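For reference, coords.txt (compact mmCIF, C-alpha atoms):
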# COMPACT_ATOMS: atom_id res chain seq x y z
CA MET O 218 0.00 0.00 0.00
CA LYS O 219 1.37 3.41 -1.01
CA GLU O 220 2.08 5.92 1.71
CA PRO O 221 -0.03 9.09 1.49
CA ALA O 222 1.32 11.95 -0.61
CA VAL O 223 0.50 14.29 2.28
CA LEU O 224 -0.17 13.35 5.89
CA LEU O 225 -0.74 16.08 8.49
CA SER O 226 -1.43 15.46 12.17
CA GLY O 227 -2.48 17.97 14.82
CA ILE O 228 -1.31 21.00 12.85
CA VAL O 229 -1.71 24.27 14.75
CA LYS O 230 -0.88 27.67 13.27
CA ARG O 231 -1.46 31.06 14.89
CA PHE O 232 -0.90 34.53 13.54
CA LYS O 233 -0.09 36.46 16.72
CA THR O 234 -3.15 35.60 18.82
CA VAL O 235 -5.42 34.66 15.92
CA PRO O 236 -5.73 30.88 15.33
CA ALA O 237 -5.68 29.84 11.67
CA LEU O 238 -5.37 26.06 12.15
CA THR O 239 -6.54 24.46 15.37
CA GLY O 240 -5.41 20.85 15.26
CA LEU O 241 -5.80 19.95 11.60
CA ASP O 242 -5.54 16.31 10.51
CA LEU O 243 -5.36 15.65 6.78
CA GLU O 244 -4.51 12.66 4.61
CA VAL O 245 -4.11 12.98 0.84
CA PRO O 246 -3.70 9.58 -0.84
CA ALA O 247 -1.01 9.30 -3.50
CA GLY O 248 -2.45 9.53 -7.00
CA SER O 249 -5.67 11.23 -5.92
CA VAL O 250 -7.28 14.47 -7.01
CA PHE O 251 -8.04 15.99 -3.64
CA GLY O 252 -10.40 18.94 -3.20
CA LEU O 253 -9.74 21.20 -0.21
CA LEU O 254 -12.93 23.11 0.56
CA GLY O 255 -14.04 25.59 3.17
CA PRO O 256 -15.50 29.06 3.68
CA ASN O 257 -13.26 32.13 3.69
CA GLY O 258 -10.95 32.05 6.68
CA ALA O 259 -11.28 28.29 7.21
CA GLY O 260 -7.53 27.72 6.84
CA LYS O 261 -7.22 26.37 3.29
CA THR O 262 -4.45 28.67 2.07
CA THR O 263 -2.60 28.39 5.39
CA THR O 264 -2.66 24.59 5.00
CA LEU O 265 -1.26 24.77 1.48
CA ARG O 266 1.45 27.24 2.52
CA ILE O 267 2.53 24.89 5.30
CA ILE O 268 2.70 22.00 2.84
CA MET O 269 4.87 24.18 0.58
CA GLY O 270 7.14 25.23 3.45
CA LEU O 271 6.16 28.89 3.19
CA LEU O 272 4.87 28.74 6.76
CA ARG O 273 6.00 26.62 9.69
CA PRO O 274 3.39 25.04 11.96
CA ASP O 275 3.42 26.04 15.63
CA GLU O 276 2.47 22.51 16.61
CA GLY O 277 1.91 19.18 14.91
CA SER O 278 3.74 16.97 12.45
CA GLY O 279 3.43 15.74 8.91
CA LEU O 280 4.92 14.14 5.84
CA VAL O 281 4.93 15.54 2.31
CA LEU O 282 6.07 12.95 -0.25
CA GLY O 283 7.74 11.19 2.65
CA VAL O 284 9.63 14.26 3.94
CA PRO O 285 8.88 15.44 7.53
CA LEU O 286 7.63 19.03 7.38
CA GLU O 287 8.26 19.89 11.03
CA LYS O 288 12.02 19.45 10.78
CA ARG O 289 14.38 22.38 10.31
CA GLY O 290 15.39 22.87 6.69
CA TYR O 291 12.01 21.87 5.27
CA PRO O 292 11.48 21.83 2.35
CA PRO O 293 14.73 20.54 0.85
CA VAL O 294 15.47 21.50 -2.75
CA SER O 295 15.02 17.87 -3.77
CA LEU O 296 11.39 18.03 -2.58
CA LEU O 297 10.62 21.38 -4.20
CA ALA O 298 11.68 19.90 -7.54
CA ARG O 299 8.88 17.34 -7.16
CA ILE O 300 6.09 19.84 -6.38
CA GLY O 301 4.25 22.19 -8.72
CA TYR O 302 2.55 25.14 -7.04
CA VAL O 303 0.10 27.72 -8.32
CA PRO O 304 -0.72 30.05 -5.40
CA GLU O 305 -3.87 32.10 -5.01
CA ARG O 306 -1.87 35.27 -5.52
CA PHE O 307 1.26 34.94 -7.58
CA SER O 308 3.66 37.35 -9.24
CA LEU O 309 5.46 36.80 -12.54
CA TRP O 310 8.21 38.96 -13.94
CA GLU O 311 6.21 41.60 -15.74
CA ASN O 312 8.79 42.95 -18.19
CA ILE O 313 9.74 39.78 -20.03
CA THR O 314 7.71 37.66 -22.41
CA GLY O 315 6.04 34.40 -21.50
CA LYS O 316 8.50 32.60 -23.78
CA GLN O 317 11.48 34.15 -21.97
CA LEU O 318 10.01 33.11 -18.62
CA VAL O 319 9.61 29.53 -19.84
CA GLU O 320 13.23 29.50 -21.09
CA PHE O 321 14.46 30.83 -17.73
CA CYS O 322 12.52 28.17 -15.80
CA ALA O 323 13.77 25.44 -18.15
CA ALA O 324 17.38 26.48 -17.46
CA LEU O 325 16.78 26.08 -13.72
CA ASN O 326 14.68 22.92 -13.77
CA PRO O 327 15.80 19.95 -15.88
CA ARG O 328 12.42 18.27 -15.28
CA LEU O 329 10.66 20.91 -17.41
CA LYS O 330 9.53 19.47 -20.74
CA PRO O 331 9.13 21.89 -23.72
CA GLU O 332 6.59 19.59 -25.36
CA ILE O 333 4.31 19.91 -22.33
CA VAL O 334 4.71 23.70 -22.46
CA ASP O 335 3.73 23.64 -26.14
CA ARG O 336 0.68 21.51 -25.39
CA TYR O 337 -0.70 23.95 -22.82
CA VAL O 338 0.25 27.05 -24.78
CA HIS O 339 -1.73 25.66 -27.70
CA LEU O 340 -4.65 24.55 -25.53
CA PHE O 341 -4.99 27.94 -23.82
CA ASN O 342 -4.02 29.90 -26.95
CA LEU O 343 -1.48 31.79 -24.84
CA PRO O 344 0.31 34.75 -26.49
CA VAL O 345 3.74 33.75 -25.12
CA ASN O 346 5.53 36.33 -27.26
CA SER O 347 3.74 39.13 -25.42
CA VAL O 348 5.24 40.88 -22.42
CA ILE O 349 3.70 39.34 -19.28
CA LYS O 350 2.38 42.65 -17.94
CA ARG O 351 0.10 42.82 -20.99
CA LEU O 352 -1.51 39.48 -20.24
CA SER O 353 -4.90 39.32 -18.54
CA ALA O 354 -5.25 37.89 -15.05
CA GLY O 355 -6.68 34.71 -16.55
CA GLN O 356 -3.80 34.35 -19.02
CA LYS O 357 -1.29 34.77 -16.22
CA SER O 358 -3.09 32.03 -14.29
CA GLN O 359 -2.91 29.76 -17.34
CA LEU O 360 0.80 30.54 -17.77
CA ALA O 361 1.43 29.67 -14.12
CA LEU O 362 -0.35 26.32 -14.57
CA THR O 363 1.62 25.68 -17.77
CA LEU O 364 4.91 26.15 -15.90
CA ALA O 365 3.74 23.95 -13.02
CA MET O 366 2.51 21.14 -15.28
CA SER O 367 5.54 21.19 -17.58
CA SER O 368 7.85 20.35 -14.66
CA GLN O 369 6.09 16.97 -14.29
CA PRO O 370 5.54 17.30 -10.53
CA ASP O 371 4.69 14.32 -8.37
CA LEU O 372 2.44 16.65 -6.37
CA LEU O 373 0.53 19.57 -7.88
CA VAL O 374 -0.82 22.16 -5.42
CA LEU O 375 -3.40 24.61 -6.80
CA ASP O 376 -4.90 27.44 -4.75
CA GLU O 377 -7.93 29.01 -6.47
CA PRO O 378 -6.37 28.31 -9.89
CA THR O 379 -9.36 29.39 -12.01
CA ARG O 380 -9.65 32.84 -10.47
CA GLY O 381 -9.94 35.42 -13.26
CA LEU O 382 -10.90 32.95 -15.98
CA ASP O 383 -14.04 33.28 -18.07
CA PRO O 384 -16.35 30.24 -18.25
CA GLU O 385 -14.87 28.87 -21.49
CA ASN O 386 -11.26 29.13 -20.33
CA ARG O 387 -12.28 27.75 -16.93
CA ARG O 388 -13.69 24.72 -18.73
CA ARG O 389 -10.45 24.30 -20.71
CA TYR O 390 -8.40 24.61 -17.56
CA VAL O 391 -10.39 21.91 -15.78
CA GLN O 392 -10.35 19.65 -18.85
CA ALA O 393 -6.57 20.00 -19.15
CA LEU O 394 -6.20 19.13 -15.49
CA LEU O 395 -8.39 16.06 -15.88
CA GLU O 396 -6.49 14.78 -18.90
CA ASP O 397 -3.12 15.34 -17.24
CA VAL O 398 -4.11 13.49 -14.07
CA VAL O 399 -5.50 10.52 -16.00
CA GLU O 400 -2.35 10.37 -18.11
CA SER O 401 0.24 10.90 -15.37
CA GLY O 402 -1.37 9.58 -12.18
CA ARG O 403 0.09 12.47 -10.19
CA THR O 404 -1.41 13.74 -6.95
CA VAL O 405 -3.33 17.02 -7.10
CA ILE O 406 -4.50 19.17 -4.19
CA LEU O 407 -7.05 21.69 -5.39
CA SER O 408 -8.38 24.48 -3.18
CA THR O 409 -11.24 26.38 -4.78
CA HIS O 410 -14.66 27.91 -4.29
CA GLU O 411 -15.78 26.33 -7.58
CA ILE O 412 -17.40 23.32 -5.94
CA THR O 413 -19.01 22.11 -9.17
CA HIS O 414 -15.51 21.64 -10.62
CA VAL O 415 -14.39 19.76 -7.53
CA GLU O 416 -17.37 17.41 -7.84
CA ARG O 417 -16.44 16.80 -11.45
CA ILE O 418 -12.73 16.08 -11.11
CA ALA O 419 -11.92 15.21 -7.47
CA ASP O 420 -12.13 11.69 -6.10
CA ARG O 421 -11.68 12.80 -2.47
CA ILE O 422 -12.32 15.97 -0.49
CA ALA O 423 -11.83 17.53 2.91
CA VAL O 424 -13.99 20.37 4.22
CA LEU O 425 -12.35 22.81 6.63
CA LYS O 426 -14.08 25.04 9.13
CA ASP O 427 -12.45 27.08 11.90
CA GLY O 428 -9.06 25.55 11.19
CA LYS O 429 -10.11 21.89 11.36
CA VAL O 430 -11.32 19.18 9.00
CA ILE O 431 -15.03 18.62 9.65
CA LEU O 432 -15.74 16.28 6.73
CA ALA O 433 -13.45 14.09 4.64
CA GLY O 434 -13.75 11.12 2.34
CA ALA O 435 -14.43 9.90 -1.17
CA VAL O 436 -16.71 12.26 -3.09
CA ASP O 437 -19.11 9.56 -4.31
CA GLU O 438 -19.41 8.07 -0.81
CA ILE O 439 -20.09 11.46 0.77
CA ILE O 440 -22.77 12.30 -1.77
CA GLU O 441 -24.33 8.87 -1.28
CA ARG O 442 -24.61 9.17 2.51
CA GLU O 443 -25.41 12.86 3.09
CA LYS O 444 -29.17 13.45 3.07
CA ARG O 445 -31.63 16.25 3.60
CA ILE O 446 -34.88 15.03 5.16
CA ARG O 447 -38.19 16.87 5.26
CA VAL O 448 -40.40 15.68 8.09
CA THR O 449 -44.09 16.57 8.24
CA GLY O 450 -46.79 15.88 10.81
CA GLU O 451 -48.02 17.48 14.02
CA LEU O 452 -44.91 19.60 14.48
CA ASP O 453 -45.78 20.93 17.92
CA LYS O 454 -46.05 17.34 19.20
CA ILE O 455 -43.04 15.75 17.48
CA SER O 456 -40.19 15.18 19.93
CA LEU O 457 -37.07 16.99 18.73
CA ASP O 458 -35.05 14.98 21.22
CA GLN O 459 -36.17 11.75 19.54
CA ILE O 460 -35.18 13.12 16.16
CA ALA O 461 -31.80 14.30 17.44
CA ALA O 462 -31.20 10.83 18.90
CA ILE O 463 -31.48 9.10 15.50
CA PRO O 464 -27.98 7.97 14.46
CA GLY O 465 -26.55 10.26 11.80
CA VAL O 466 -28.69 13.30 12.53
CA ARG O 467 -26.53 16.45 12.61
CA ARG O 468 -28.95 19.34 12.58
CA VAL O 469 -32.69 19.99 12.83
CA LEU O 470 -34.25 23.18 11.47
CA ARG O 471 -37.87 24.19 11.88
CA GLU O 472 -39.66 25.40 8.77
CA ARG O 473 -43.18 26.73 8.59
CA ALA O 474 -44.80 23.43 7.67
CA ALA O 475 -42.04 20.88 8.28
CA LEU O 476 -38.84 20.01 10.04
CA LEU O 477 -35.72 20.06 7.86
CA VAL O 478 -33.11 17.57 9.03
CA HIS O 479 -29.51 17.13 7.86
CA ALA O 480 -28.30 13.59 8.41
CA SER O 481 -25.73 11.03 7.30
CA GLY O 482 -26.66 7.44 6.56
CA ASN O 483 -28.59 4.98 4.46
CA ALA O 484 -31.69 6.60 2.94
CA GLN O 485 -34.05 3.69 3.67
CA GLU O 486 -32.84 3.27 7.26
CA LEU O 487 -33.23 6.98 7.92
CA ARG O 488 -36.72 7.00 6.41
CA GLU O 489 -37.81 4.09 8.60
CA ALA O 490 -36.31 5.66 11.74
CA PHE O 491 -38.19 8.92 11.22
CA ALA O 492 -41.43 7.14 10.35
CA ARG O 493 -41.39 5.39 13.73
CA ILE O 494 -41.53 8.67 15.64
CA GLN O 495 -44.98 9.51 17.01
CA PHE O 496 -46.91 12.27 15.23
CA VAL O 497 -44.73 12.05 12.10
CA THR O 498 -46.95 11.61 9.03
CA GLY O 499 -44.50 12.16 6.17
CA VAL O 500 -40.78 11.65 5.52
CA GLN O 501 -39.08 12.82 2.34
CA VAL O 502 -35.39 11.94 1.93
CA VAL O 503 -33.60 14.12 -0.63
CA ASP O 504 -30.21 13.46 -2.20
CA GLN O 505 -27.77 16.37 -2.30
CA ASN O 506 -25.01 17.47 -4.63
CA LEU O 507 -21.58 18.36 -3.27
CA GLU O 508 -22.34 22.07 -2.98
CA GLU O 509 -25.44 21.36 -0.91
CA VAL O 510 -23.46 18.99 1.33
CA PHE O 511 -20.78 21.66 1.73
CA LEU O 512 -23.36 24.28 2.77
CA SER O 513 -25.02 21.88 5.19
CA TYR O 514 -21.70 21.51 7.04
CA THR O 515 -20.44 25.08 6.87
CA SER O 516 -23.53 27.26 6.97
CA GLU O 517 -26.58 27.66 9.13
CA MET O 518 -28.67 27.99 5.97
CA PRO O 519 -31.08 25.13 5.24

Could I get this file's structure written as structure tokens?
Amino acid sequence: MKEPAVLLSGIVKRFKTVPALTGLDLEVPAGSVFGLLGPNGAGKTTTLRIIMGLLRPDEGSGLVLGVPLEKRGYPPVSLLARIGYVPERFSLWENITGKQLVEFCAALNPRLKPEIVDRYVHLFNLPVNSVIKRLSAGQKSQLALTLAMSSQPDLLVLDEPTRGLDPENRRRYVQALLEDVVESGRTVILSTHEITHVERIADRIAVLKDGKVILAGAVDEIIEREKRIRVTGELDKISLDQIAAIPGVRRVLRERAALLVHASGNAQELREAFARIQFVTGVQVVDQNLEEVFLSYTSEMP
């Protein structure tokens, strides 16, 4: 069995007195496309920056491609050569052309393959002979991905990579990522607010809230087990304690004409458990997509 590409345990990070990560545990299997989700301020970017060695954890331990991240000297150059990184906010040399930037990176990194550069330049229709400062934000994002992909990383770390892209170029970006992963089998960690893209390309996810992982697992298994249940009947007589005691129930919200319940479990078993409660006359179990599951864990909205 392969060791995880990334394994974090009890990671704590504070900025002065403000906690960013509060005991984060995270496991990213090798060869997976892993979606890192969470509301603003949940700790996603801090987690990625710790993986990249741009921040040091205050507490906790971890391994990134087998290298301990808590040790002094992390990350070694040998590890950086195996990781491609597209940060949420990145800066490229503005006064050279995209082609000159690629040539500079190729001189520094023998893993960079010109044929991969050409593939992505063609796919994104990138004007690599233009000075970088004249490129749009989306084109700069595509150029950053091109450089990251062309180095054939074992681990690709992407923080909001489709920011600034229009819908068509966003689709191309995601399609290119899908094809590359299928072809190479590399591990990808993708942090984004575009949950529909995560549902399409990720095989596993973790949801962060308040600096901790509150939900993690295979995407198809999570979608299969997370349910929204609408309970009708004599609402003033239904025991909320009995509902809360049903295994898997996480939250109960009162609507005008029903109770809305968020629960995890088998649909038929949940339906039967609710039906046994006195004064319940109707039980509707509704499947959810990944975005609805995400909101049910991170928001107080129904």

Could you name the residues that touch Gly248 of chain O at 8 Å or less, counting all atoms listed in the file, but leaving out those on the same chain fewer than 3 positions away, as a list in words?
Ala222, Gly402, Arg403, Thr404 and Val405 of chain O

Would you compute the distance between atom CA of Gln356 of chain O and atom CA of Leu343 of chain O? Give it in Å to one decimal.
6.8 Å

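Of note, atom CA of Val466 of chain O and atom CA of Glu441 of chain O are spaced 15.1 Å apart.
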
Coordinates-based distance that separates atom CA of Ile418 of chain O from atom CA of Arg468 of chain O (Å, one decimal):
28.9 Å

Could you tell me which of O:Asn326, O:Thr449, O:Thr413, O:Ser278 comes closest to Leu364 of chain O if we count all atoms listed in the file?
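Counting all atoms listed in the file, the residue closest to Leu364 of chain O is O:Asn326.
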
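Checking O:Pro331, O:Pro246, O:Gly258, O:Gly227 one by one against Asp275 of chain O, counting all atoms listed in the file, you find the shortest gap at O:Gly227.
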
Dump as a tab-separated table the rows for residues of segment 404-490 of chain O within 9 Å of segment 496-500 of chain O: closest atom pair and distance in Å with one decimal, all atoms listed in the file counted, ordered by chain and rising residue number.
residue	atom	partner	partner_atom	distance
O:Ile446	CA	O:Val500	CA	6.8
O:Arg447	CA	O:Val500	CA	5.8
O:Val448	CA	O:Val500	CA	4.8
O:Thr449	CA	O:Gly499	CA	4.9
O:Gly450	CA	O:Val497	CA	4.5
O:Glu451	CA	O:Phe496	CA	5.5
O:Leu452	CA	O:Phe496	CA	7.6
O:Lys454	CA	O:Phe496	CA	6.5
O:Ile455	CA	O:Phe496	CA	5.7
O:Ser456	CA	O:Phe496	CA	8.7
O:Arg488	CA	O:Val500	CA	6.2
O:Glu489	CA	O:Val500	CA	8.7

Can you list, as a PDB file with C-alpha atoms, keeping the file's coordinate frame, every protein, DNA or RNA residue that comes within 10 Å of segment 305-309 of chain O when you count all atoms listed in the file, leaving out same-chain residues fewer than 3 positions away?
ATOM      1  CA  THR O 262      -4.450  28.670   2.070  1.00  0.00           C
ATOM      2  CA  TYR O 302       2.550  25.140  -7.040  1.00  0.00           C
ATOM      3  CA  ASN O 312       8.790  42.950 -18.190  1.00  0.00           C
ATOM      4  CA  ILE O 313       9.740  39.780 -20.030  1.00  0.00           C
ATOM      5  CA  GLY O 315       6.040  34.400 -21.500  1.00  0.00           C
ATOM      6  CA  LEU O 318      10.010  33.110 -18.620  1.00  0.00           C
ATOM      7  CA  ILE O 349       3.700  39.340 -19.280  1.00  0.00           C
ATOM      8  CA  LYS O 350       2.380  42.650 -17.940  1.00  0.00           C
ATOM      9  CA  LYS O 357      -1.290  34.770 -16.220  1.00  0.00           C
ATOM     10  CA  SER O 358      -3.090  32.030 -14.290  1.00  0.00           C
ATOM     11  CA  LEU O 360       0.800  30.540 -17.770  1.00  0.00           C
ATOM     12  CA  ALA O 361       1.430  29.670 -14.120  1.00  0.00           C
ATOM     13  CA  LEU O 375      -3.400  24.610  -6.800  1.00  0.00           C
ATOM     14  CA  ASP O 376      -4.900  27.440  -4.750  1.00  0.00           C
ATOM     15  CA  GLU O 377      -7.930  29.010  -6.470  1.00  0.00           C
ATOM     16  CA  PRO O 378      -6.370  28.310  -9.890  1.00  0.00           C
ATOM     17  CA  THR O 379      -9.360  29.390 -12.010  1.00  0.00           C
ATOM     18  CA  ARG O 380      -9.650  32.840 -10.470  1.00  0.00           C
ATOM     19  CA  SER O 408      -8.380  24.480  -3.180  1.00  0.00           C
ATOM     20  CA  THR O 409     -11.240  26.380  -4.780  1.00  0.00           C
TER      21      THR O 409
END

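Of the listed residues (O:Leu432, O:Ala298, O:Val284, O:Ala259), O:Ala259 comes nearest to Thr239 of chain O; the distances count all atoms listed in the file.
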
Nearest candidate to Glu244 of chain O (options O:Ile463, O:Val503, O:Val430, O:Cys322; using all atoms listed in the file)
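Among the listed residues, O:Val430 lies closest to Glu244 of chain O.
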
Axis-aligned box for segment 456-463 of chain O, 5 Å per side, centre and edges in Å as lines of an AutoDock Vina configuration file:
center_x = -35.7
center_y = 13.0
center_z = 18.4
size_x = 19.0
size_y = 17.9
size_z = 15.7

Could you give me, as JSON, numbers by chain, the residues that have an atom at most 10 Å away from the point (-1.0, 34.9, -24.5) in the coordinates of the file, using all atoms listed in the file?
{"O": [314, 315, 316, 338, 339, 341, 342, 343, 344, 345, 346, 347, 348, 349, 351, 352, 353, 355, 356, 357, 359, 360]}

Can you tell me, as a list in words, what residues are no more than 9 Å from Tyr291 of chain O when counting only C-alpha atoms, ignoring any on the same chain fewer than 5 positions away?
Met269, Gly270, Arg273, Val284, Pro285, Leu286 and Leu296 of chain O

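Taking only C-alpha atoms into account, Gln459 of chain O lies nearest to O:Gln495 out of the set O:Asn483, O:Glu220, O:Gln495, O:Ser516.
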
Counting all atoms listed in the file, figure out which residue out of O:Ile412, O:Ala419, O:Leu225, O:Glu320 gets nearest to Leu394 of chain O.
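Nearest to Leu394 of chain O: O:Ala419.
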
Which residues come within 12 Å of Phe232 of chain O, counting all atoms listed in the file, excluding same-chain residues fewer than 2 positions away, as a ChimeraX atom specification?
/O:229-230,234-239,260,263,272-275

Any chance you can output those residues with C-alpha atoms as a PDB file, in the frame of the given file?
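Produced file part-v2.pdb, reproduced below:
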ATOM      1  CA  VAL O 229      -1.710  24.270  14.750  1.00  0.00           C
ATOM      2  CA  LYS O 230      -0.880  27.670  13.270  1.00  0.00           C
ATOM      3  CA  THR O 234      -3.150  35.600  18.820  1.00  0.00           C
ATOM      4  CA  VAL O 235      -5.420  34.660  15.920  1.00  0.00           C
ATOM      5  CA  PRO O 236      -5.730  30.880  15.330  1.00  0.00           C
ATOM      6  CA  ALA O 237      -5.680  29.840  11.670  1.00  0.00           C
ATOM      7  CA  LEU O 238      -5.370  26.060  12.150  1.00  0.00           C
ATOM      8  CA  THR O 239      -6.540  24.460  15.370  1.00  0.00           C
ATOM      9  CA  GLY O 260      -7.530  27.720   6.840  1.00  0.00           C
ATOM     10  CA  THR O 263      -2.600  28.390   5.390  1.00  0.00           C
ATOM     11  CA  LEU O 272       4.870  28.740   6.760  1.00  0.00           C
ATOM     12  CA  ARG O 273       6.000  26.620   9.690  1.00  0.00           C
ATOM     13  CA  PRO O 274       3.390  25.040  11.960  1.00  0.00           C
ATOM     14  CA  ASP O 275       3.420  26.040  15.630  1.00  0.00           C
TER      15      ASP O 275
END
